[in-house]
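Below is protein_5.txt, which holds compact mmCIF, C-alpha atoms.
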```
# COMPACT_ATOMS: atom_id res chain seq x y z
CA MET A 1 20.52 9.45 36.00
CA PRO A 2 18.98 9.79 39.47
CA PRO A 3 21.68 9.39 42.12
CA GLY A 4 21.64 6.47 44.53
CA ARG A 5 20.30 3.85 42.16
CA GLY A 6 22.42 1.55 40.10
CA LEU A 7 22.07 1.45 36.37
CA ASP A 8 21.17 -2.24 36.51
CA ALA A 9 18.28 -1.59 38.88
CA LEU A 10 16.97 1.19 36.63
CA ARG A 11 17.27 -1.10 33.64
CA ARG A 12 15.35 -3.88 35.37
CA ASP A 13 12.61 -1.43 36.35
CA ALA A 14 12.41 -0.23 32.76
CA TRP A 15 12.14 -3.81 31.43
CA ALA A 16 9.39 -4.60 33.92
CA HIS A 17 7.55 -1.42 32.94
CA GLY A 18 7.88 -2.21 29.23
CA ARG A 19 6.61 -5.75 29.67
CA SER A 20 3.65 -4.84 31.85
CA THR A 21 2.66 -2.08 29.42
CA ARG A 22 2.96 -4.51 26.52
CA ASP A 23 0.98 -7.27 28.24
CA ALA A 24 -1.84 -4.88 29.09
CA LEU A 25 -1.99 -3.63 25.50
CA LEU A 26 -1.84 -7.14 24.03
CA GLY A 27 -4.73 -8.10 26.33
CA ARG A 28 -6.78 -5.24 24.92
CA TYR A 29 -5.86 -6.30 21.38
CA GLU A 30 -7.03 -9.86 22.08
CA ARG A 31 -10.32 -8.64 23.51
CA GLU A 32 -10.84 -6.36 20.50
CA TYR A 33 -10.21 -8.98 17.82
CA GLY A 34 -10.85 -12.24 19.66
CA VAL A 35 -7.58 -13.81 18.47
CA PRO A 36 -4.32 -14.57 20.30
CA ALA A 37 -2.00 -11.59 19.91
CA PRO A 38 0.86 -12.09 17.44
CA PRO A 39 4.37 -10.98 18.53
CA PRO A 40 4.06 -7.37 19.73
CA ALA A 41 6.71 -6.00 17.40
CA ILE A 42 4.68 -7.21 14.44
CA ILE A 43 1.42 -5.54 15.53
CA GLY A 44 2.89 -2.30 16.94
CA PRO A 45 1.06 -0.15 14.36
CA GLU A 46 -2.33 -1.57 15.37
CA ILE A 47 -1.53 -1.13 19.04
CA VAL A 48 -0.88 2.55 18.31
CA THR A 49 -3.94 3.23 16.16
CA ASP A 50 -6.59 0.67 17.12
CA VAL A 51 -5.87 0.04 20.81
CA LEU A 52 -4.42 3.38 21.94
CA GLY A 53 -6.22 5.58 19.39
CA HIS A 54 -3.06 7.57 18.66
CA GLY A 55 -1.95 8.87 15.27
CA LEU A 56 0.77 7.09 13.31
CA ALA A 57 2.63 8.20 10.20
CA TYR A 58 5.69 7.16 8.24
CA LEU A 59 7.49 10.24 6.97
CA PRO A 60 11.03 11.16 5.94
CA LEU A 61 12.85 12.52 9.01
CA PRO A 62 16.50 13.51 9.44
CA LEU A 63 18.88 10.57 9.29
CA ASN A 64 19.79 10.83 12.96
CA VAL A 65 16.16 10.38 14.08
CA TYR A 66 14.42 7.00 14.29
CA GLY A 67 11.05 8.37 15.27
CA GLU A 68 9.31 11.06 17.21
CA THR A 69 6.28 11.58 19.36
CA THR A 70 4.35 14.81 19.24
CA TRP A 71 1.07 16.12 20.59
CA GLU A 72 -1.21 17.02 17.72
CA ASP A 73 -4.95 17.64 17.44
CA GLY A 74 -5.53 16.59 21.02
CA ARG A 75 -3.75 13.25 20.85
CA PRO A 76 -0.27 11.78 20.68
CA GLN A 77 1.08 11.39 17.17
CA ILE A 78 3.88 8.94 16.47
CA THR A 79 5.97 9.49 13.34
CA MET A 80 8.46 6.87 12.21
CA ASN A 81 11.30 7.72 9.87
CA GLU A 82 10.49 6.39 6.41
CA LEU A 83 14.20 6.72 5.61
CA THR A 84 15.28 4.35 8.40
CA ARG A 85 16.91 2.03 5.85
CA LEU A 86 19.32 4.86 4.99
CA ILE A 87 20.46 5.42 8.58
CA PRO A 88 24.09 4.27 8.88
CA GLY A 89 24.36 0.84 10.48
CA VAL A 90 20.75 -0.16 9.86
CA LYS A 91 20.46 -3.52 8.07
CA ASP A 92 16.90 -4.55 8.89
CA ALA A 93 14.87 -1.35 8.61
CA GLU A 94 11.51 -3.03 9.22
CA GLY A 95 12.73 -4.61 12.45
CA VAL A 96 14.25 -1.33 13.59
CA ILE A 97 10.97 0.49 12.90
CA ASN A 98 8.98 -2.20 14.75
CA VAL A 99 11.15 -1.85 17.86
CA GLY A 100 11.09 1.95 17.44
CA ILE A 101 7.30 1.97 17.53
CA TRP A 102 7.38 0.34 20.98
CA HIS A 103 9.94 2.91 22.08
CA GLU A 104 7.47 5.63 21.06
CA ILE A 105 4.56 3.79 22.71
CA ILE A 106 6.48 4.02 25.98
CA HIS A 107 6.88 7.78 25.42
CA THR A 108 3.15 8.20 24.77
CA ASP A 109 2.37 6.08 27.82
CA ARG A 110 4.56 7.76 30.39
CA ASP A 111 6.29 10.85 29.02
CA ILE A 112 4.17 12.94 26.73
CA ALA A 113 1.19 13.07 29.09
CA GLU A 114 3.50 14.17 31.89
CA VAL A 115 5.06 16.93 29.82
CA ARG A 116 1.73 18.02 28.37
CA VAL A 117 0.04 18.33 31.74
CA GLY A 118 3.02 20.26 33.05
CA LEU A 119 2.98 22.73 30.19
CA GLN A 120 -0.76 23.19 30.22
CA GLY A 121 -0.52 24.08 33.87
CA VAL A 122 1.82 26.91 32.99
CA PHE A 123 0.23 28.05 29.75
CA GLU A 124 -3.39 27.35 30.36
CA GLY A 125 -5.45 27.28 27.20
CA MET A 126 -2.47 27.01 24.91
CA VAL A 127 -1.81 23.94 22.84
CA PRO A 128 1.79 22.99 23.35
CA ASN A 129 3.87 21.97 20.38
CA LEU A 130 5.80 19.09 21.87
CA THR A 131 8.23 16.83 20.18
CA ILE A 132 10.15 13.94 21.66
CA ALA A 133 12.68 13.06 18.98
CA CYS A 134 14.52 9.76 19.38
CA ARG A 135 17.97 10.02 17.88
CA ARG A 136 20.61 7.46 17.07
CA ASP A 137 23.42 9.64 18.42
CA GLN A 138 22.01 9.79 21.93
CA GLY A 139 25.34 9.47 23.61
CA THR A 140 26.93 12.39 21.84
CA SER A 141 24.08 14.88 21.63
CA LYS A 142 23.76 17.56 24.25
CA ARG A 143 20.70 16.82 26.32
CA SER A 144 19.46 17.48 29.80
CA ASP A 145 19.62 14.85 32.54
CA GLU A 146 15.85 14.57 32.38
CA GLU A 147 15.92 14.01 28.63
CA ALA A 148 18.70 11.43 28.98
CA ARG A 149 16.74 9.58 31.68
CA ARG A 150 13.58 9.60 29.57
CA GLU A 151 15.38 8.23 26.51
CA PHE A 152 17.21 5.59 28.54
CA LEU A 153 13.98 4.31 30.07
CA ALA A 154 12.10 4.37 26.75
CA GLU A 155 14.91 2.53 24.99
CA GLU A 156 15.16 -0.21 27.63
CA ALA A 157 11.39 -0.52 28.16
CA GLY A 158 10.58 -0.37 24.44
CA ARG A 159 13.13 -3.06 23.55
CA ALA A 160 12.00 -5.34 26.39
CA ALA A 161 8.40 -4.92 25.22
CA ALA A 162 9.22 -5.66 21.57
CA VAL A 163 11.47 -8.65 22.28
CA SER A 164 8.68 -10.79 23.64
CA TYR A 165 10.05 -13.94 25.30
CA PRO A 166 6.68 -15.76 25.39
CA HIS A 167 6.62 -15.47 21.59
CA LEU A 168 10.35 -16.01 21.11
CA VAL A 169 10.45 -19.38 22.88
CA GLN A 170 7.78 -20.68 20.53
CA ILE A 171 9.93 -19.98 17.48
CA TYR A 172 11.54 -23.12 16.09
CA ALA A 173 14.75 -21.35 15.09
CA PHE A 174 15.28 -20.07 18.62
CA ARG A 175 14.67 -23.45 20.24
CA GLU A 176 16.96 -25.06 17.68
CA PHE A 177 19.63 -22.48 18.48
CA PHE A 178 19.40 -23.28 22.17
CA TYR A 179 19.31 -27.07 21.93
CA ARG A 180 22.09 -27.32 19.36
CA SER A 181 24.22 -24.93 21.42
CA GLN A 182 23.70 -27.20 24.42
CA ARG A 183 24.78 -30.22 22.42
CA ARG A 184 27.65 -28.24 20.86
CA THR A 185 26.55 -29.22 17.37
CA ILE A 186 26.31 -25.74 15.95
CA SER A 187 28.84 -23.41 14.38
CA ASN A 188 28.95 -19.73 15.27
CA ARG A 189 27.76 -18.87 11.78
CA GLU A 190 24.79 -21.24 12.03
CA GLY A 191 23.99 -19.77 15.43
CA TRP A 192 23.80 -16.27 14.00
CA GLY A 193 21.65 -17.58 11.16
CA LEU A 194 19.14 -19.13 13.55
CA LEU A 195 19.04 -15.98 15.68
CA TYR A 196 18.41 -13.91 12.55
CA ASP A 197 15.47 -16.17 11.68
CA ALA A 198 14.13 -15.98 15.23
CA ALA A 199 14.43 -12.18 15.28
CA ARG A 200 12.60 -11.90 11.97
CA ALA A 201 9.85 -14.24 13.18
CA ILE A 202 9.04 -12.00 16.14
CA GLY A 203 9.46 -8.81 14.08
CA VAL A 204 12.57 -7.32 15.68
CA ASN A 205 16.01 -6.56 14.29
CA ILE A 206 18.82 -8.92 15.25
CA SER A 207 20.68 -6.25 17.24
CA ALA A 208 17.69 -5.66 19.48
CA LEU A 209 17.27 -9.38 20.14
CA VAL A 210 20.94 -10.02 20.91
CA LYS A 211 21.23 -6.86 23.01
CA GLN A 212 18.25 -7.86 25.17
CA LEU A 213 19.42 -11.46 25.62
CA ASP A 214 22.93 -10.22 26.40
CA ALA A 215 21.75 -7.56 28.86
CA GLU A 216 19.73 -10.13 30.79
CA GLY A 217 22.56 -12.65 30.92
CA TYR A 218 21.04 -15.27 28.64
CA LEU A 219 23.67 -14.83 25.97
CA ALA A 220 27.20 -13.43 25.83
CA VAL A 221 28.82 -12.03 22.70
CA GLU A 222 32.59 -12.25 22.63
CA ARG A 223 34.46 -10.03 20.21
CA SER A 224 37.42 -11.60 18.50
CA GLY A 225 38.77 -9.24 15.88
CA GLU A 226 36.00 -8.80 13.32
CA ARG A 227 34.13 -11.85 14.61
CA ARG A 228 31.42 -11.85 17.23
CA ILE A 229 31.17 -15.21 18.91
CA LEU A 230 27.95 -16.29 20.58
CA HIS A 231 27.99 -18.05 23.95
CA VAL A 232 24.74 -19.35 25.36
CA GLN A 233 24.58 -18.78 29.11
CA PRO A 234 23.12 -21.25 31.63
CA GLY A 235 20.06 -19.07 32.28
CA MET A 236 18.70 -19.53 28.76
CA GLY A 237 17.28 -22.93 29.65
CA ASP A 238 15.28 -21.34 32.45
CA LEU A 239 14.08 -18.68 30.05
CA LEU A 240 12.70 -21.34 27.71
CA THR A 241 10.92 -23.08 30.56
CA ARG A 242 9.65 -19.93 32.27
CA ALA A 243 8.50 -17.99 29.21
CA ALA A 244 6.68 -21.00 27.78
CA HIS A 245 4.36 -21.08 30.79
CA MET B 1 -21.97 6.23 1.00
CA MET B 2 -18.61 6.86 2.63
CA ASP B 3 -17.85 9.89 4.71
CA ALA B 4 -16.33 12.44 2.31
CA LYS B 5 -14.16 13.89 5.09
CA LEU B 6 -12.29 10.63 5.60
CA THR B 7 -9.05 9.92 3.77
CA PHE B 8 -8.47 6.66 1.95
CA GLY B 9 -6.50 5.23 4.86
CA GLU B 10 -9.08 6.26 7.42
CA THR B 11 -11.81 4.72 5.29
CA VAL B 12 -9.95 1.43 5.03
CA ARG B 13 -9.36 1.36 8.79
CA ARG B 14 -13.02 2.10 9.47
CA LEU B 15 -14.17 -0.69 7.13
CA ARG B 16 -11.69 -3.11 8.69
CA ARG B 17 -12.74 -2.32 12.22
CA GLN B 18 -16.40 -2.58 11.28
CA LYS B 19 -15.64 -6.17 10.33
CA LYS B 20 -13.74 -6.64 13.61
CA TRP B 21 -10.69 -7.63 11.60
CA SER B 22 -7.12 -7.18 12.71
CA LEU B 23 -4.59 -5.95 10.18
CA GLY B 24 -3.21 -9.50 10.14
CA GLN B 25 -6.59 -10.80 8.97
CA LEU B 26 -6.66 -8.16 6.23
CA GLN B 27 -3.14 -9.22 5.27
CA GLU B 28 -4.33 -12.81 4.88
CA ALA B 29 -7.39 -11.80 2.90
CA THR B 30 -5.54 -9.52 0.47
CA GLY B 31 -2.08 -11.07 0.26
CA LEU B 32 -0.61 -7.60 0.84
CA SER B 33 2.12 -7.24 3.46
CA TYR B 34 1.38 -6.03 6.97
CA SER B 35 3.80 -3.11 6.79
CA TYR B 36 2.36 -1.99 3.45
CA LEU B 37 -1.20 -2.15 4.79
CA SER B 38 -0.13 -0.21 7.87
CA ARG B 39 1.33 2.51 5.66
CA VAL B 40 -1.82 2.56 3.52
CA GLU B 41 -4.09 2.90 6.57
CA ASN B 42 -1.96 5.72 7.89
CA ASP B 43 -1.96 7.51 4.52
CA SER B 44 1.77 7.05 4.20
CA ALA B 45 1.64 5.05 0.96
CA SER B 46 -0.16 5.61 -2.34
CA PRO B 47 -1.79 2.32 -3.27
CA GLN B 48 -2.03 1.25 -6.88
CA ALA B 49 -5.35 0.22 -8.37
CA GLU B 50 -4.63 -3.49 -7.91
CA ALA B 51 -4.05 -3.07 -4.18
CA VAL B 52 -7.16 -0.91 -3.81
CA THR B 53 -9.20 -3.57 -5.60
CA LYS B 54 -7.92 -6.30 -3.27
CA ILE B 55 -8.66 -4.20 -0.20
CA ALA B 56 -12.13 -3.25 -1.44
CA GLU B 57 -13.01 -6.87 -2.17
CA ALA B 58 -11.73 -8.11 1.17
CA LEU B 59 -13.58 -5.45 3.15
CA ASP B 60 -16.73 -5.36 1.00
CA GLY B 61 -16.01 -1.70 0.29
CA ASP B 62 -17.29 0.39 -2.59
CA LEU B 63 -14.56 -0.10 -5.20
CA GLU B 64 -15.38 3.01 -7.17
CA GLU B 65 -15.30 5.29 -4.17
CA LEU B 66 -12.17 3.69 -2.78
CA LEU B 67 -10.44 4.08 -6.14
CA GLU B 68 -11.41 7.73 -6.23
CA LEU B 69 -10.22 8.28 -2.65
CA ALA B 70 -6.93 6.59 -3.51
CA ASP B 71 -6.72 8.70 -6.67
CA CYS B 72 -6.16 5.79 -9.01
CA LEU B 73 -8.63 4.90 -11.68
CA PRO B 74 -7.75 1.91 -13.83
CA GLU B 75 -8.91 1.96 -17.41
CA VAL B 76 -11.77 -0.45 -16.93
CA ILE B 77 -13.27 1.66 -14.14
CA LEU B 78 -12.53 4.81 -16.05
CA LYS B 79 -14.47 3.58 -19.06
CA ARG B 80 -17.40 2.71 -16.83
CA LEU B 81 -17.34 6.17 -15.28
CA MET B 82 -17.01 7.77 -18.71
CA ARG B 83 -20.08 5.89 -19.93
CA ARG B 84 -21.96 7.07 -16.88
CA ALA B 85 -20.76 10.64 -17.46
CA GLU B 86 -22.00 10.52 -21.05
CA THR B 87 -25.42 9.22 -20.09
CA SER B 88 -26.08 11.14 -16.89
CA GLY B 89 -23.76 14.11 -17.09
CA ALA B 90 -21.99 13.01 -13.90
CA SER B 91 -18.61 14.54 -13.29
CA LEU B 92 -15.32 12.71 -12.98
CA ASN B 93 -13.95 15.44 -10.79
CA ARG B 94 -12.89 14.34 -7.33
CA SER B 95 -13.98 16.23 -4.28
CA ALA B 96 -10.32 16.82 -3.45
CA GLY B 97 -9.88 18.73 -6.70
CA ALA B 98 -12.97 20.85 -6.34
CA GLY B 99 -11.01 24.01 -7.07
CA ALA B 100 -10.71 23.13 -10.75
CA SER B 101 -13.91 23.34 -12.75
CA PRO B 102 -14.69 20.00 -14.42
CA PRO B 103 -14.78 20.16 -18.19
CA ALA B 104 -18.12 18.87 -19.41
CA SER B 105 -18.42 15.75 -21.55
CA PRO B 106 -17.10 14.95 -24.10
CA VAL B 107 -14.22 17.14 -22.92
CA GLY B 108 -14.44 15.38 -19.56
CA ALA B 109 -14.03 12.01 -21.22
CA LEU B 110 -11.04 13.27 -23.22
CA VAL B 111 -9.43 14.70 -20.07
CA ALA B 112 -9.89 11.36 -18.34
CA GLU B 113 -8.30 9.59 -21.30
CA LEU B 114 -5.38 12.03 -21.28
CA ALA B 115 -4.92 11.44 -17.56
CA VAL B 116 -4.54 7.70 -18.10
CA ALA B 117 -2.35 8.13 -21.18
CA ASN B 118 0.03 10.51 -19.38
CA GLY B 119 0.13 8.94 -15.95
CA LEU B 120 -1.69 11.87 -14.32
CA SER B 121 -4.48 11.82 -11.78
CA VAL B 122 -7.85 12.99 -13.02
CA THR B 123 -7.51 16.00 -10.72
CA GLU B 124 -4.18 16.98 -12.29
CA ALA B 125 -5.56 16.52 -15.81
CA ASN B 126 -8.60 18.60 -14.87
CA GLU B 127 -6.37 21.37 -13.55
CA ILE B 128 -4.41 21.45 -16.81
CA ALA B 129 -7.65 21.44 -18.78
CA GLY B 130 -8.97 24.27 -16.63
CA ALA B 131 -5.85 26.34 -17.30
CA ILE B 132 -6.11 25.69 -21.05
CA GLU B 133 -9.76 26.67 -20.92
CA ARG B 134 -8.85 29.98 -19.31
CA LEU B 135 -6.02 30.48 -21.81
CA VAL B 136 -8.27 30.08 -24.85
CA LYS B 137 -10.72 32.58 -23.40
CA LEU B 138 -8.04 35.27 -23.41
CA PRO B 139 -7.88 37.66 -26.38
CA PRO B 140 -5.54 36.21 -29.04
CA GLU B 141 -3.00 39.03 -28.60
CA LYS B 142 -2.62 38.19 -24.88
CA ARG B 143 -2.22 34.45 -25.31
CA GLY B 144 1.22 34.87 -26.87
CA SER B 145 2.93 35.78 -23.61
CA PHE B 146 1.56 32.64 -21.91
CA ILE B 147 2.72 30.49 -24.80
CA ASP B 148 6.16 32.09 -24.40
CA LEU B 149 6.00 31.14 -20.71
CA ILE B 150 5.27 27.50 -21.62
CA ARG B 151 8.33 27.52 -23.89
CA MET B 152 10.46 29.02 -21.11
CA LEU B 153 9.33 26.34 -18.66
CA GLU B 154 10.16 23.47 -20.99
CA PRO B 155 12.99 21.39 -19.42
CA SER B 156 15.12 21.57 -22.57
CA SER B 157 14.89 25.40 -22.57
CA ALA B 158 15.81 25.59 -18.89
CA ALA B 159 18.85 23.40 -19.42
CA GLY B 160 20.03 25.49 -22.35
```

What's the structure tokens form of this structure?
Amino acid sequence: MPPGRGLDALRRDAWAHGRSTRDALLGRYEREYGVPAPPPAIIGPEIVTDVLGHGLAYLPLPLNVYGETTWEDGRPQITMNELTRLIPGVKDAEGVINVGIWHEIIHTDRDIAEVRVGLQGVFEGMVPNLTIACRRDQGTSKRSDEEARREFLAEEAGRAAAVSYPHLVQIYAFREFFYRSQRRTISNREGWGLLYDAARAIGVNISALVKQLDAEGYLAVERSGERRILHVQPGMGDLLTRAAH
Amino acid sequence: MMDAKLTFGETVRRLRRQKKWSLGQLQEATGLSYSYLSRVENDSASPQAEAVTKIAEALDGDLEELLELADCLPEVILKRLMRRAETSGASLNRSAGAGASPPASPVGALVAELAVANGLSVTEANEIAGAIERLVKLPPEKRGSFIDLIRMLEPSSAAG
């Protein structure tokens, strides 16, 4: 990480970058098809192929790789792991892939062009064979500071882009979760059930949704043995008001 | 006429975008799931004939050509193509399988039937037919070694 800046500040910058990238792309989608954009996680594939004009494929990759971005035939190529459901810990493969696509969109937007231009400057006329592989064991793998920074930013920005609050607050299950939590008429189990439904409705996996809400202080997850207890934080009411407008 | 260089997925995407349809609209029109359609458009899934038919109808595409591009010919289409082959001498061979010479009708019709009966693509059946054709053209005394090879390659022989 670059010295002198707190992790929280970097995270907030990454979220802002992810959201502005997403909003610009959703705007292009709406102009293209003349319909309000569905939740971004659901239409990630079209954003890649129709809006950005990049390549997209679903292929079997090693089980420690969610997806990768390469430069092929003069354009970025995103490949998602068709075996995602077999990756240890993955319960909702479709949601994981949907969030992963936004992670790769961030790479194509800010990283691969940077790397490509740099390499072409050195090896003029050569077509670089670049791969940005996004692994599940990021914390343990040996990687350079630059690589770690790139993955950190893509993970935070991609998740913030996929977990779209303007769409989330329109989901009945999410509003129900909030209002019943406020009235204290909901069990922890019911709360998880409603969050699962809300996550599915906007196309993301439950872990991504909870992680984003937790990271931004809207929700706290308390661990008690095997249980994970949800606590709605005061800011969630503001989120519902703000994101709806 | 569709561009022969395009894959099935590329063709579907082109037809969809010509109609200014999002993938969600195609999902509604076909009843197929979004993630499946995305995989189909990106040539990461092999659609069955039923799915190809739904897509072709929704996008006003040429069913025959789309079925050929997707390499799945249901019996009803196959019979139609066979009738056409018998009357006009048209070939069932796909452009993707151009390396194998198409057996002429009625052999072509039989190959197509065998493809359906054995769950093979027409290209695969044509390739087998082409190999058999070359085998029977060999002098009888030389065929024996190839027949021995077939026996050696049989799964039961390999396991033993």

Using all atoms listed in the file, which protein or nucleic acid residues come within 8 Å of segment 84-93 of chain A? Drop anything in the same chain fewer than 4 positions from it, and give the result as a count of residues only. 6

Show me which bits of chain B are within 12 Å of chain A, counting all atoms listed in the file, as a PyMOL selection string. chain B and resi 9-10+13-14+16-25+27+33-45

I need the chosen residues saved as an mmCIF file, in the frame of the given file, with C-alpha atoms.
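Saved result, again-v2.cif, follows:
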```cif
data_model
loop_
_atom_site.group_PDB
_atom_site.id
_atom_site.type_symbol
_atom_site.label_atom_id
_atom_site.label_comp_id
_atom_site.auth_asym_id
_atom_site.auth_seq_id
_atom_site.Cartn_x
_atom_site.Cartn_y
_atom_site.Cartn_z
ATOM 1 C CA GLY B 9 -6.500 5.230 4.860
ATOM 2 C CA GLU B 10 -9.080 6.260 7.420
ATOM 3 C CA ARG B 13 -9.360 1.360 8.790
ATOM 4 C CA ARG B 14 -13.020 2.100 9.470
ATOM 5 C CA ARG B 16 -11.690 -3.110 8.690
ATOM 6 C CA ARG B 17 -12.740 -2.320 12.220
ATOM 7 C CA GLN B 18 -16.400 -2.580 11.280
ATOM 8 C CA LYS B 19 -15.640 -6.170 10.330
ATOM 9 C CA LYS B 20 -13.740 -6.640 13.610
ATOM 10 C CA TRP B 21 -10.690 -7.630 11.600
ATOM 11 C CA SER B 22 -7.120 -7.180 12.710
ATOM 12 C CA LEU B 23 -4.590 -5.950 10.180
ATOM 13 C CA GLY B 24 -3.210 -9.500 10.140
ATOM 14 C CA GLN B 25 -6.590 -10.800 8.970
ATOM 15 C CA GLN B 27 -3.140 -9.220 5.270
ATOM 16 C CA SER B 33 2.120 -7.240 3.460
ATOM 17 C CA TYR B 34 1.380 -6.030 6.970
ATOM 18 C CA SER B 35 3.800 -3.110 6.790
ATOM 19 C CA TYR B 36 2.360 -1.990 3.450
ATOM 20 C CA LEU B 37 -1.200 -2.150 4.790
ATOM 21 C CA SER B 38 -0.130 -0.210 7.870
ATOM 22 C CA ARG B 39 1.330 2.510 5.660
ATOM 23 C CA VAL B 40 -1.820 2.560 3.520
ATOM 24 C CA GLU B 41 -4.090 2.900 6.570
ATOM 25 C CA ASN B 42 -1.960 5.720 7.890
ATOM 26 C CA ASP B 43 -1.960 7.510 4.520
ATOM 27 C CA SER B 44 1.770 7.050 4.200
ATOM 28 C CA ALA B 45 1.640 5.050 0.960
#
```

Considering only C-alpha atoms, return as a PDB file with C-alpha atoms, in the frame of the given file whatever protein or nucleic-acid residues lie within 12 Å of Ala16 of chain A, sequence-local ones (same chain, fewer than 6 positions apart) excluded.
```
ATOM      1  CA  ALA A   9      18.280  -1.590  38.880  1.00  0.00           C
ATOM      2  CA  LEU A  10      16.970   1.190  36.630  1.00  0.00           C
ATOM      3  CA  ARG A  22       2.960  -4.510  26.520  1.00  0.00           C
ATOM      4  CA  ASP A  23       0.980  -7.270  28.240  1.00  0.00           C
ATOM      5  CA  LEU A 153      13.980   4.310  30.070  1.00  0.00           C
ATOM      6  CA  ALA A 154      12.100   4.370  26.750  1.00  0.00           C
ATOM      7  CA  GLU A 156      15.160  -0.210  27.630  1.00  0.00           C
ATOM      8  CA  ALA A 157      11.390  -0.520  28.160  1.00  0.00           C
ATOM      9  CA  GLY A 158      10.580  -0.370  24.440  1.00  0.00           C
ATOM     10  CA  ARG A 159      13.130  -3.060  23.550  1.00  0.00           C
ATOM     11  CA  ALA A 160      12.000  -5.340  26.390  1.00  0.00           C
ATOM     12  CA  ALA A 161       8.400  -4.920  25.220  1.00  0.00           C
TER      13      ALA A 161
END
```

Fewer than 6 positions away in the same chain doesn't count, so skip those; otherwise give me all residues within 12 Å of Arg110 of chain A, counting only C-alpha atoms, as a list in words.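 Counting only C-alpha atoms, the residues come to Ala14, His17, Gly18, Thr21, Thr69, Pro76, His103, Glu104, Arg116, Val117, Arg150, Glu151, Leu153, Ala154, Ala157 and Gly158 of chain A.
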
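The two atoms in question, atom CA of Gly191 of chain A and atom CA of Phe178 of chain A, are spaced 8.9 Å apart.
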
Distance atom CA of Leu26 of chain A-atom CA of Val204 of chain A, one decimal place?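 We find that atom CA of Leu26 of chain A and atom CA of Val204 of chain A lie 16.7 Å from each other.
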
One-decimal distance in Å that lies between atom CA of Ile147 of chain B and atom CA of Arg134 of chain B: 12.8 Å
